[in-house]
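Asker: This is the structure I have questions about; it appears just below.
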Protein chains: 2
Amino acid sequence: MRIAIVGAGMMGTATSFPLAARGHEVTLVGTPLDGAIVRSVQSTRRHPRLGLNVAAGVRAVAVEALAETVAASEAIVLGVSSAGLSWAGHALSRALPGPRSIAMVTKGLEPEDGGLRILPDRLRDALPAPVRVEPVMIAGPCIAGELARGTPSTVALASRDPEAARRFADLAVGPLFAAAIEPDVIGACVCAALKNAYAVVVGIATGLHERAGGPSGPVAHHNLEAALFGRALAEMGDLVEALGGRRATALGLAGGGDLFVTCQGGRSTRLGRLLGLGRTLAAARAELSTPEAPVTLEGVDVTEIVTAVRTSTEAPLLHRLRRILFDGAPADSIAGVP
Amino acid sequence: MRIAIVGAGMMGTATSFPLAARGHEVTLVGTPLDGAIVRSVQSTRRHPRLGLNVAAGVRAVAVEALAETVAASEAIVLGVSSAGLSWAGHALSRALPGPRSIAMVTKGLEPEDGGLRILPDRLRDALPAPVRVEPVMIAGPCIAGELARGTPSTVALASRDPEAARRFADLAVGPLFAAAIEPDVIGACVCAALKNAYAVVVGIATGLHERAGGPSGPVAHHNLEAALFGRALAEMGDLVEALGGRRATALGLAGGGDLFVTCQGGRSTRLGRLLGLGRTLAAARAELSTPEAPVTLEGVDVTEIVTAVRTSTEAPLLHRLRRILFDGAPADSIAGVP
């Protein structure tokens, strides 16, 4: 099958590996920001950010070829970040010749009318009626670099249309890539967004440990870390239910599984560590940014969005994190009262 | 208040730190196996296995002084392992002068009449009517060495009598020791037992990673590890419910929190790693045992106990682990089919 992956970043490109392993003809379509990646793949097959060559059967094209590539594809994977979703929805709306299976690695929440909206719904609503489908969100614990390198990976495929999720699973699942169908797309999306905030929460324990004189490292202050992890899981379940999903979704791949993998490293955990060490958000942000670009801190954004619509009784950890991030509260206040 | 801790092992002794910090007069009562520990504490104040001195206000007595110490105490903490519970119940039955608040670090499940019984019920039933109380189980993520060293720790206090749990919290909680009251003692006990098995499951990913040539270390093959963690959480929720507890208990300190901390190290994770490396259970057991004593592998025991009463549909991960442990199935079969 011909599959277009729109967005040639880490996660979009990583998705090409299981698809190519299944024999599909995969085209990576760069966004306007992916020019250097596309040129690198075209000239040397190497993806500069993943640090490895794309699989045989995968080619890359620049954004100018988006319309013709999408028109010639039988399925689409959206590999853009949430910041790129509006652009991608607009581009797909013009390029799709008819309804196509659409999977997306983009996940998260955004404010809408005093509530929250999940990004798969935003994409669906952005598509004109003749090409409108329920997208399939690729959720669950999946580090792009591991997926690309063939580490056994299991995702949750969440959609309001479970048949669409099953069809994408049929395309993609292989010996190293498993998928569970998750009908609770709201729960999966809420978990996917919240895990970034809760990984900051858990990461704070590491920083507090180092500040107290313990060795640096990915794991430390285990009791506090695990207490925060356990409380985060419970709060995640509460919020999933409050926002219209099923509490049990927090008990699985898209919830605890994804939170677990996010706590093993990445920006959110590093932000938590720096907060635990006593840095302000501004100082931590500067430390995590590169000279080229400010870092995107999804955990900060989701904390702001969710605490705006949920009280500190409903989300005590998130509100404590909010006070640490924005109001100068000390990092050890994250543990709160029993 | 005068408090007797029966059992001077790691966890029992660790519990003396928050109690002493609250100003209680704490006596560690050795079991028949704790002679060397008691002598060490008596002569140098040092607990040889924790590797540090007991707190001021804590004293140790040998098993011969059990009856008089228990008789003079207003609250009891049982610090014995599950193997020592029968002995402890018998000893308490003879020594208690009347009903006393009893907390226990002992937790787990045992087979009973084709089903399973939680250990707090076994202790309660072992006490004669005049001194019978509902014990308070100390559950949740709490590594003994960290609690003893003053790392902020949060436990779940689970009892069929929530008032008893609250009373123990009132005795013990302080700036570095928090407690949440967990009314679902069945759920907390099932989680406490299962986490040992699921930590083996998650640990297998580490061994598979090393066998595939990745570096050794506490965390590796993150995607697989996290997928197993997520599936373990979901299965834990299912089993808690099937065994009479509340599914939501898996979403919290006693469930995901305790599983998280158990995955950071310890015997169960090490066993999983060795299985992932291709060792048989017998070889792994030999490698984890000391010349003095065979290692106790709670994760193996609970897998055997629970798979005897629950089908592979109800507990697919546990049954796969069982086949790896006892039937020579390859370690990578743990991931199973999607």
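Here, A, B, ... name the chains of the structure tokens in the order displayed, residue numbers run from 1 inside each chain, and ligands are numbered from 1 in the same displayed order.
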Present chain A as a CSV table (one decimal) with C-alpha atoms, in the first residue's frame, least-squares fitted onto chain B over all of its C-alpha atoms paired in order.
Answerer:
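This is the output file superposed.csv:
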```
chain,number,residue,atom,x,y,z
A,1,MET,CA,3.6,6.1,73.5
A,2,ARG,CA,5.4,2.8,74.0
A,3,ILE,CA,5.5,0.9,70.7
A,4,ALA,CA,6.9,-2.6,70.1
A,5,ILE,CA,8.2,-3.6,66.7
A,6,VAL,CA,8.2,-7.3,66.4
A,7,GLY,CA,10.8,-8.3,63.9
A,8,ALA,CA,14.1,-6.4,63.6
A,9,GLY,CA,14.7,-6.9,59.9
A,10,MET,CA,15.0,-4.1,57.3
A,11,MET,CA,11.4,-2.9,57.1
A,12,GLY,CA,10.5,-3.4,60.7
A,13,THR,CA,13.5,-1.4,61.8
A,14,ALA,CA,13.0,1.3,59.1
A,15,THR,CA,9.5,1.8,60.6
A,16,SER,CA,11.2,2.8,63.9
A,17,PHE,CA,12.6,6.0,62.4
A,18,PRO,CA,9.4,7.9,61.8
A,19,LEU,CA,8.0,6.6,65.1
A,20,ALA,CA,11.0,7.7,67.0
A,21,ALA,CA,10.9,11.0,65.2
A,22,ARG,CA,7.5,11.5,66.7
A,23,GLY,CA,8.9,10.9,70.2
A,24,HIS,CA,7.6,7.4,70.8
A,25,GLU,CA,9.5,5.0,73.0
A,26,VAL,CA,10.2,2.2,70.5
A,27,THR,CA,11.5,-1.3,71.3
A,28,LEU,CA,12.7,-3.5,68.5
A,29,VAL,CA,11.9,-7.1,69.4
A,30,GLY,CA,14.0,-9.6,67.5
A,31,THR,CA,12.5,-12.8,66.1
A,32,PRO,CA,14.4,-16.1,66.7
A,33,LEU,CA,16.3,-15.3,63.5
A,34,ASP,CA,17.3,-11.8,64.5
A,35,GLY,CA,19.8,-12.6,67.3
A,36,ALA,CA,22.8,-11.0,65.5
A,37,ILE,CA,20.9,-7.9,64.6
A,38,VAL,CA,19.7,-7.4,68.2
A,39,ARG,CA,23.2,-7.9,69.6
A,40,SER,CA,24.6,-5.4,67.1
A,41,VAL,CA,22.0,-2.7,68.0
A,42,GLN,CA,22.5,-3.4,71.7
A,43,SER,CA,26.3,-3.1,71.6
A,44,THR,CA,26.9,-0.4,68.9
A,45,ARG,CA,23.4,0.9,67.9
A,46,ARG,CA,24.2,-0.1,64.4
A,47,HIS,CA,21.7,-2.1,62.3
A,48,PRO,CA,24.0,-4.3,60.2
A,49,ARG,CA,21.6,-4.8,57.3
A,50,LEU,CA,20.4,-1.2,57.0
A,51,GLY,CA,24.0,-0.1,57.5
A,52,LEU,CA,23.2,2.7,59.9
A,53,ASN,CA,22.5,3.4,63.6
A,54,VAL,CA,19.0,3.2,65.0
A,55,ALA,CA,17.5,6.5,66.1
A,56,ALA,CA,17.7,7.9,69.6
A,57,GLY,CA,14.9,6.5,71.7
A,58,VAL,CA,15.0,3.1,70.0
A,59,ARG,CA,16.2,0.0,71.9
A,60,ALA,CA,16.4,-3.6,70.9
A,61,VAL,CA,15.6,-6.7,72.9
A,62,ALA,CA,15.9,-10.4,72.1
A,63,VAL,CA,13.0,-12.7,71.5
A,64,GLU,CA,13.1,-13.9,75.1
A,65,ALA,CA,11.8,-10.4,76.1
A,66,LEU,CA,8.9,-10.5,73.6
A,67,ALA,CA,6.1,-11.2,76.0
A,68,GLU,CA,7.0,-8.6,78.6
A,69,THR,CA,7.7,-6.0,75.8
A,70,VAL,CA,4.4,-6.6,74.1
A,71,ALA,CA,2.6,-6.5,77.4
A,72,ALA,CA,4.0,-3.1,78.2
A,73,SER,CA,3.3,-1.6,74.7
A,74,GLU,CA,0.4,0.5,73.6
A,75,ALA,CA,0.8,-0.3,69.9
A,76,ILE,CA,2.5,-3.1,68.0
A,77,VAL,CA,4.1,-3.1,64.6
A,78,LEU,CA,4.7,-6.5,63.0
A,79,GLY,CA,7.9,-6.4,61.0
A,80,VAL,CA,8.2,-10.0,60.1
A,81,SER,CA,8.2,-11.5,56.6
A,82,SER,CA,5.2,-13.6,55.4
A,83,ALA,CA,7.2,-16.7,56.4
A,84,GLY,CA,7.3,-15.4,60.0
A,85,LEU,CA,3.6,-14.5,60.3
A,86,SER,CA,2.4,-17.7,61.8
A,87,TRP,CA,5.1,-17.5,64.5
A,88,ALA,CA,4.3,-13.9,65.1
A,89,GLY,CA,0.6,-14.5,65.4
A,90,HIS,CA,1.1,-17.2,67.9
A,91,ALA,CA,3.5,-15.1,69.9
A,92,LEU,CA,1.2,-12.1,70.0
A,93,SER,CA,-1.8,-14.3,70.9
A,94,ARG,CA,0.0,-15.3,74.1
A,95,ALA,CA,1.6,-11.9,74.9
A,96,LEU,CA,-1.2,-9.4,74.2
A,97,PRO,CA,-2.8,-8.3,77.5
A,98,GLY,CA,-5.8,-6.9,75.6
A,99,PRO,CA,-6.7,-5.4,72.2
A,100,ARG,CA,-3.9,-3.3,70.8
A,101,SER,CA,-3.4,-1.3,67.7
A,102,ILE,CA,-1.5,-3.6,65.3
A,103,ALA,CA,0.2,-2.4,62.1
A,104,MET,CA,2.1,-4.8,59.9
A,105,VAL,CA,4.6,-4.5,57.1
A,106,THR,CA,3.8,-8.1,56.2
A,107,LYS,CA,1.6,-8.2,53.1
A,108,GLY,CA,0.6,-10.7,50.5
A,109,LEU,CA,-1.7,-13.5,49.6
A,110,GLU,CA,-1.9,-17.2,50.4
A,111,PRO,CA,-3.9,-20.0,48.9
A,112,GLU,CA,-7.0,-20.9,50.9
A,113,ASP,CA,-9.8,-23.3,50.0
A,114,GLY,CA,-9.3,-22.9,46.2
A,115,GLY,CA,-9.2,-19.2,46.6
A,116,LEU,CA,-6.8,-16.7,48.1
A,117,ARG,CA,-6.6,-15.1,51.5
A,118,ILE,CA,-4.9,-11.8,52.4
A,119,LEU,CA,-2.4,-11.9,55.2
A,120,PRO,CA,-4.0,-9.3,57.4
A,121,ASP,CA,-7.0,-11.6,57.6
A,122,ARG,CA,-4.8,-14.5,58.5
A,123,LEU,CA,-3.3,-12.5,61.4
A,124,ARG,CA,-6.7,-11.3,62.6
A,125,ASP,CA,-8.1,-14.8,62.6
A,126,ALA,CA,-5.0,-16.1,64.5
A,127,LEU,CA,-5.7,-13.8,67.4
A,128,PRO,CA,-8.0,-15.0,70.2
A,129,ALA,CA,-11.3,-13.1,70.4
A,130,PRO,CA,-10.4,-11.0,73.5
A,131,VAL,CA,-7.4,-9.4,71.7
A,132,ARG,CA,-8.7,-9.7,68.1
A,133,VAL,CA,-8.4,-6.4,66.0
A,134,GLU,CA,-8.3,-5.6,62.4
A,135,PRO,CA,-4.6,-5.0,61.6
A,136,VAL,CA,-3.4,-2.1,59.6
A,137,MET,CA,-1.2,-3.0,56.6
A,138,ILE,CA,1.6,-0.7,55.7
A,139,ALA,CA,1.5,-0.7,51.9
A,140,GLY,CA,2.6,1.6,49.1
A,141,PRO,CA,6.1,2.5,47.7
A,142,CYS,CA,8.5,2.3,50.6
A,143,ILE,CA,12.1,1.1,50.3
A,144,ALA,CA,13.3,0.4,53.9
A,145,GLY,CA,16.7,2.0,53.4
A,146,GLU,CA,15.2,5.2,52.1
A,147,LEU,CA,12.7,5.4,54.9
A,148,ALA,CA,15.4,4.9,57.5
A,149,ARG,CA,17.6,7.6,55.9
A,150,GLY,CA,14.8,10.1,55.9
A,151,THR,CA,13.9,10.2,52.2
A,152,PRO,CA,10.3,11.6,52.1
A,153,SER,CA,8.1,8.5,52.0
A,154,THR,CA,4.4,8.1,51.6
A,155,VAL,CA,2.7,4.8,52.5
A,156,ALA,CA,-0.9,3.6,52.1
A,157,LEU,CA,-2.4,2.4,55.4
A,158,ALA,CA,-4.9,-0.3,54.5
A,159,SER,CA,-7.3,-1.9,57.0
A,160,ARG,CA,-10.8,-3.3,57.1
A,161,ASP,CA,-11.1,-0.8,60.0
A,162,PRO,CA,-10.3,2.6,58.5
A,163,GLU,CA,-10.4,4.1,62.0
A,164,ALA,CA,-7.5,1.8,63.0
A,165,ALA,CA,-5.6,3.0,60.0
A,166,ARG,CA,-6.3,6.6,61.0
A,167,ARG,CA,-5.0,6.0,64.5
A,168,PHE,CA,-1.8,4.5,63.2
A,169,ALA,CA,-1.4,7.5,60.9
A,170,ASP,CA,-1.8,9.8,63.8
A,171,LEU,CA,1.0,8.0,65.6
A,172,ALA,CA,3.4,7.9,62.7
A,173,VAL,CA,3.0,10.7,60.2
A,174,GLY,CA,5.6,13.5,60.3
A,175,PRO,CA,7.4,15.9,58.0
A,176,LEU,CA,9.2,13.0,56.1
A,177,PHE,CA,6.5,10.3,56.5
A,178,ALA,CA,3.1,10.7,54.9
A,179,ALA,CA,0.3,8.3,54.8
A,180,ALA,CA,-2.9,7.9,52.8
A,181,ILE,CA,-5.8,5.9,54.3
A,182,GLU,CA,-6.8,3.0,51.9
A,183,PRO,CA,-10.0,1.4,52.9
A,184,ASP,CA,-9.6,-1.3,50.2
A,185,VAL,CA,-7.4,-3.7,52.1
A,186,ILE,CA,-8.1,-6.6,49.6
A,187,GLY,CA,-7.0,-4.4,46.7
A,188,ALA,CA,-3.9,-3.1,48.5
A,189,CYS,CA,-2.9,-6.6,49.5
A,190,VAL,CA,-3.5,-8.0,46.0
A,191,CYS,CA,-1.4,-5.2,44.5
A,192,ALA,CA,1.3,-5.6,47.1
A,193,ALA,CA,1.6,-9.3,46.2
A,194,LEU,CA,1.3,-8.9,42.4
A,195,LYS,CA,3.8,-6.1,42.1
A,196,ASN,CA,6.6,-8.6,42.8
A,197,ALA,CA,5.5,-10.7,39.8
A,198,TYR,CA,5.0,-7.8,37.5
A,199,ALA,CA,8.4,-6.4,38.5
A,200,VAL,CA,9.8,-9.7,37.2
A,201,VAL,CA,7.8,-9.1,34.0
A,202,VAL,CA,9.1,-5.6,33.5
A,203,GLY,CA,12.7,-6.7,34.4
A,204,ILE,CA,12.7,-9.2,31.6
A,205,ALA,CA,12.9,-6.3,29.2
A,206,THR,CA,16.2,-5.2,30.7
A,207,GLY,CA,17.7,-8.7,30.2
A,208,LEU,CA,16.4,-8.9,26.7
A,209,HIS,CA,18.0,-5.6,26.0
A,210,GLU,CA,21.3,-6.7,27.3
A,211,ARG,CA,21.1,-10.0,25.4
A,212,ALA,CA,20.5,-8.0,22.3
A,213,GLY,CA,23.8,-6.1,22.9
A,214,GLY,CA,22.5,-3.0,24.7
A,215,PRO,CA,24.3,-1.7,27.7
A,216,SER,CA,23.5,-3.1,31.1
A,217,GLY,CA,21.8,-0.9,33.6
A,218,PRO,CA,18.6,-0.3,35.5
A,219,VAL,CA,16.6,1.0,32.5
A,220,ALA,CA,16.7,-0.2,28.9
A,221,HIS,CA,14.4,-1.4,26.1
A,222,HIS,CA,12.2,1.4,27.4
A,223,ASN,CA,9.3,0.8,24.9
A,224,LEU,CA,9.0,-2.8,25.8
A,225,GLU,CA,9.5,-2.2,29.5
A,226,ALA,CA,6.8,0.5,29.5
A,227,ALA,CA,4.4,-1.6,27.4
A,228,LEU,CA,4.8,-4.4,30.0
A,229,PHE,CA,4.4,-1.9,32.8
A,230,GLY,CA,1.2,-0.6,31.3
A,231,ARG,CA,-0.2,-4.0,30.6
A,232,ALA,CA,0.8,-5.1,34.1
A,233,LEU,CA,-1.1,-2.2,35.6
A,234,ALA,CA,-4.2,-3.1,33.6
A,235,GLU,CA,-4.0,-6.7,34.6
A,236,MET,CA,-3.4,-5.7,38.2
A,237,GLY,CA,-6.6,-3.7,38.1
A,238,ASP,CA,-8.5,-6.7,36.6
A,239,LEU,CA,-7.2,-9.1,39.2
A,240,VAL,CA,-7.9,-6.7,42.1
A,241,GLU,CA,-11.5,-6.6,41.0
A,242,ALA,CA,-11.7,-10.3,40.3
A,243,LEU,CA,-10.4,-11.0,43.8
A,244,GLY,CA,-12.9,-8.7,45.6
A,245,GLY,CA,-11.1,-5.4,45.7
A,246,ARG,CA,-11.6,-2.1,43.9
A,247,ARG,CA,-9.9,-1.7,40.5
A,248,ALA,CA,-9.1,1.9,41.2
A,249,THR,CA,-6.7,0.8,44.0
A,250,ALA,CA,-4.3,-0.3,41.3
A,251,LEU,CA,-4.3,3.4,40.2
A,252,GLY,CA,-2.5,4.8,43.2
A,253,LEU,CA,0.2,4.4,45.9
A,254,ALA,CA,-0.5,0.7,46.7
A,255,GLY,CA,-0.7,-0.2,43.0
A,256,GLY,CA,1.2,1.7,40.3
A,257,GLY,CA,3.3,3.6,43.0
A,258,ASP,CA,4.6,0.4,44.6
A,259,LEU,CA,5.1,-1.3,41.2
A,260,PHE,CA,7.1,1.7,40.0
A,261,VAL,CA,9.4,1.6,43.0
A,262,THR,CA,9.8,-2.1,42.8
A,263,CYS,CA,10.9,-1.8,39.1
A,264,GLN,CA,13.7,0.5,40.2
A,265,GLY,CA,15.7,-2.4,41.7
A,266,GLY,CA,15.4,-5.3,44.1
A,267,ARG,CA,15.2,-9.0,43.7
A,268,SER,CA,12.2,-9.2,41.5
A,269,THR,CA,13.7,-6.9,38.8
A,270,ARG,CA,17.0,-8.8,39.0
A,271,LEU,CA,15.3,-12.1,38.5
A,272,GLY,CA,13.5,-10.6,35.5
A,273,ARG,CA,16.8,-9.4,34.0
A,274,LEU,CA,18.4,-12.8,34.4
A,275,LEU,CA,15.4,-14.5,32.8
A,276,GLY,CA,15.7,-12.0,29.9
A,277,LEU,CA,19.3,-12.9,29.6
A,278,GLY,CA,18.2,-16.5,29.0
A,279,ARG,CA,18.8,-18.1,32.5
A,280,THR,CA,16.5,-20.7,33.8
A,281,LEU,CA,14.7,-20.1,37.1
A,282,ALA,CA,17.0,-22.5,38.8
A,283,ALA,CA,20.1,-20.8,37.5
A,284,ALA,CA,18.8,-17.3,38.3
A,285,ARG,CA,17.8,-18.5,41.8
A,286,ALA,CA,21.3,-19.8,42.4
A,287,GLU,CA,22.8,-16.5,41.1
A,288,LEU,CA,20.6,-14.4,43.4
A,289,SER,CA,21.2,-16.6,46.5
A,290,THR,CA,24.0,-16.1,49.0
A,291,PRO,CA,26.1,-18.9,50.3
A,292,GLU,CA,24.3,-18.6,53.6
A,293,ALA,CA,20.7,-18.8,52.4
A,294,PRO,CA,18.6,-19.4,49.3
A,295,VAL,CA,16.9,-16.2,48.1
A,296,THR,CA,13.2,-15.7,48.6
A,297,LEU,CA,11.5,-14.9,45.3
A,298,GLU,CA,8.1,-13.5,46.2
A,299,GLY,CA,7.4,-12.9,42.5
A,300,VAL,CA,7.7,-16.6,41.7
A,301,ASP,CA,5.5,-17.6,44.6
A,302,VAL,CA,2.7,-15.1,43.8
A,303,THR,CA,2.8,-16.2,40.1
A,304,GLU,CA,2.3,-19.8,41.2
A,305,ILE,CA,-0.5,-19.0,43.6
A,306,VAL,CA,-2.4,-16.6,41.4
A,307,THR,CA,-2.2,-18.6,38.2
A,308,ALA,CA,-3.5,-21.6,40.1
A,309,VAL,CA,-6.8,-19.8,40.7
A,310,ARG,CA,-7.1,-17.5,37.7
A,311,THR,CA,-7.1,-18.4,34.0
A,312,SER,CA,-4.8,-17.1,31.3
A,313,THR,CA,-7.7,-15.0,29.9
A,314,GLU,CA,-7.9,-13.2,33.3
A,315,ALA,CA,-4.2,-12.9,33.8
A,316,PRO,CA,-2.3,-13.3,30.5
A,317,LEU,CA,0.9,-11.8,31.7
A,318,LEU,CA,1.1,-13.9,34.8
A,319,HIS,CA,0.4,-17.0,32.8
A,320,ARG,CA,3.2,-16.1,30.3
A,321,LEU,CA,5.5,-15.5,33.2
A,322,ARG,CA,4.5,-18.9,34.7
A,323,ARG,CA,5.4,-20.6,31.4
A,324,ILE,CA,8.8,-18.9,31.4
A,325,LEU,CA,9.5,-19.7,35.0
A,326,PHE,CA,8.3,-23.3,35.0
A,327,ASP,CA,7.9,-24.7,31.5
A,328,GLY,CA,11.0,-23.4,29.7
A,329,ALA,CA,9.2,-20.9,27.5
A,330,PRO,CA,11.6,-18.3,26.0
A,331,ALA,CA,11.8,-15.0,27.9
A,332,ASP,CA,10.7,-13.0,24.9
A,333,SER,CA,7.4,-14.7,24.9
A,334,ILE,CA,6.5,-12.4,27.8
A,335,ALA,CA,5.3,-9.7,25.3
A,336,GLY,CA,2.8,-12.2,23.8
A,337,VAL,CA,0.6,-11.4,20.9
A,338,PRO,CA,-0.9,-7.9,20.7
```
Asker: Give me every helix (DSSP H, G or I) residue in segment 49-137 of chain A, going by DSSP on the backbone, as an NGL selection string.
Answerer: :A and (63-71 or 82-95 or 119-126 or 129-131)
Asker: Write a file of the just-selected residues containing N, CA, C and O atoms, as a compact mmCIF listing (two decimals), in the first residue's frame.
Answerer:
```
# COMPACT_ATOMS: atom_id res chain seq x y z
N VAL A 63 8.01 19.67 0.92
CA VAL A 63 6.62 20.10 1.11
C VAL A 63 5.93 20.42 -0.21
O VAL A 63 4.71 20.28 -0.34
N GLU A 64 6.69 20.85 -1.20
CA GLU A 64 6.09 21.19 -2.49
C GLU A 64 5.38 19.99 -3.12
O GLU A 64 4.46 20.15 -3.93
N ALA A 65 5.83 18.77 -2.76
CA ALA A 65 5.22 17.57 -3.35
C ALA A 65 4.09 17.00 -2.49
O ALA A 65 3.62 15.88 -2.72
N LEU A 66 3.68 17.76 -1.48
CA LEU A 66 2.67 17.24 -0.56
C LEU A 66 1.37 16.85 -1.28
O LEU A 66 0.88 15.73 -1.12
N ALA A 67 0.84 17.76 -2.07
CA ALA A 67 -0.47 17.51 -2.67
C ALA A 67 -0.46 16.27 -3.55
O ALA A 67 -1.32 15.39 -3.42
N GLU A 68 0.54 16.16 -4.41
CA GLU A 68 0.55 15.00 -5.31
C GLU A 68 0.81 13.71 -4.53
O GLU A 68 0.24 12.65 -4.84
N THR A 69 1.64 13.76 -3.48
CA THR A 69 1.92 12.55 -2.71
C THR A 69 0.68 12.09 -1.94
O THR A 69 0.34 10.90 -1.94
N VAL A 70 0.03 13.03 -1.30
CA VAL A 70 -1.18 12.68 -0.56
C VAL A 70 -2.24 12.13 -1.53
O VAL A 70 -2.92 11.14 -1.25
N ALA A 71 -2.36 12.77 -2.69
CA ALA A 71 -3.38 12.34 -3.65
C ALA A 71 -3.12 10.91 -4.12
O ALA A 71 -4.06 10.16 -4.42
N SER A 82 1.87 19.24 17.76
CA SER A 82 0.57 19.91 17.92
C SER A 82 0.63 21.31 17.32
O SER A 82 -0.36 21.79 16.78
N ALA A 83 1.81 21.94 17.37
CA ALA A 83 1.93 23.28 16.77
C ALA A 83 1.73 23.24 15.27
O ALA A 83 1.36 24.24 14.65
N GLY A 84 1.98 22.08 14.65
CA GLY A 84 1.86 21.99 13.20
C GLY A 84 0.52 21.44 12.73
O GLY A 84 0.31 21.25 11.52
N LEU A 85 -0.39 21.19 13.68
CA LEU A 85 -1.63 20.50 13.30
C LEU A 85 -2.54 21.35 12.42
O LEU A 85 -3.17 20.84 11.49
N SER A 86 -2.61 22.67 12.71
CA SER A 86 -3.49 23.52 11.89
C SER A 86 -2.99 23.53 10.45
O SER A 86 -3.78 23.37 9.51
N TRP A 87 -1.69 23.71 10.30
CA TRP A 87 -1.12 23.69 8.96
C TRP A 87 -1.44 22.36 8.27
O TRP A 87 -1.87 22.33 7.11
N ALA A 88 -1.24 21.26 8.99
CA ALA A 88 -1.43 19.94 8.37
C ALA A 88 -2.89 19.71 8.00
O ALA A 88 -3.19 19.16 6.94
N GLY A 89 -3.81 20.14 8.86
CA GLY A 89 -5.22 19.98 8.57
C GLY A 89 -5.61 20.74 7.31
O GLY A 89 -6.35 20.23 6.45
N HIS A 90 -5.07 21.93 7.20
CA HIS A 90 -5.33 22.77 6.03
C HIS A 90 -4.77 22.12 4.77
O HIS A 90 -5.44 22.02 3.74
N ALA A 91 -3.54 21.65 4.88
CA ALA A 91 -2.88 21.04 3.72
C ALA A 91 -3.62 19.77 3.28
O ALA A 91 -3.86 19.54 2.09
N LEU A 92 -4.00 18.94 4.26
CA LEU A 92 -4.73 17.70 3.91
C LEU A 92 -6.08 18.02 3.27
O LEU A 92 -6.51 17.36 2.33
N SER A 93 -6.75 19.03 3.82
CA SER A 93 -8.08 19.38 3.31
C SER A 93 -8.03 19.66 1.82
O SER A 93 -8.95 19.33 1.07
N ARG A 94 -6.95 20.29 1.38
CA ARG A 94 -6.86 20.63 -0.04
C ARG A 94 -6.35 19.46 -0.88
O ARG A 94 -6.65 19.36 -2.06
N ALA A 95 -5.57 18.58 -0.25
CA ALA A 95 -4.90 17.55 -1.05
C ALA A 95 -5.65 16.23 -1.14
O ALA A 95 -5.48 15.47 -2.11
N LEU A 119 -7.08 16.75 20.28
CA LEU A 119 -6.58 17.12 18.95
C LEU A 119 -7.14 16.26 17.81
O LEU A 119 -7.34 16.78 16.71
N PRO A 120 -7.40 14.96 18.01
CA PRO A 120 -8.02 14.21 16.90
C PRO A 120 -9.36 14.83 16.47
O PRO A 120 -9.68 14.83 15.29
N ASP A 121 -10.10 15.37 17.44
CA ASP A 121 -11.37 16.02 17.08
C ASP A 121 -11.10 17.29 16.29
O ASP A 121 -11.84 17.62 15.36
N ARG A 122 -10.04 18.01 16.68
CA ARG A 122 -9.73 19.23 15.93
C ARG A 122 -9.40 18.89 14.49
O ARG A 122 -9.85 19.56 13.56
N LEU A 123 -8.60 17.85 14.29
CA LEU A 123 -8.25 17.48 12.92
C LEU A 123 -9.50 17.06 12.14
O LEU A 123 -9.73 17.52 11.02
N ARG A 124 -10.30 16.20 12.75
CA ARG A 124 -11.53 15.76 12.07
C ARG A 124 -12.37 16.96 11.66
O ARG A 124 -12.82 17.06 10.51
N ASP A 125 -12.56 17.90 12.59
CA ASP A 125 -13.43 19.04 12.29
C ASP A 125 -12.81 19.96 11.24
O ASP A 125 -13.53 20.73 10.60
N ALA A 126 -11.49 19.87 11.08
CA ALA A 126 -10.84 20.74 10.09
C ALA A 126 -11.00 20.18 8.68
O ALA A 126 -10.76 20.90 7.70
N ALA A 129 -16.36 18.01 4.71
CA ALA A 129 -17.24 16.84 4.82
C ALA A 129 -16.88 15.71 3.84
O ALA A 129 -16.87 14.53 4.24
N PRO A 130 -16.57 15.98 2.60
CA PRO A 130 -16.33 14.86 1.67
C PRO A 130 -15.11 14.00 2.03
O PRO A 130 -15.02 12.86 1.56
N VAL A 131 -14.18 14.55 2.78
CA VAL A 131 -12.98 13.76 3.14
C VAL A 131 -12.89 13.55 4.65
O VAL A 131 -11.87 13.06 5.15
```
Asker: Per DSSP on the backbone, what are the strand (DSSP E) residues of segment 137-199 of chain B, as number ranges by chain?
Answerer: B: 137-139, 153-158, 177-182
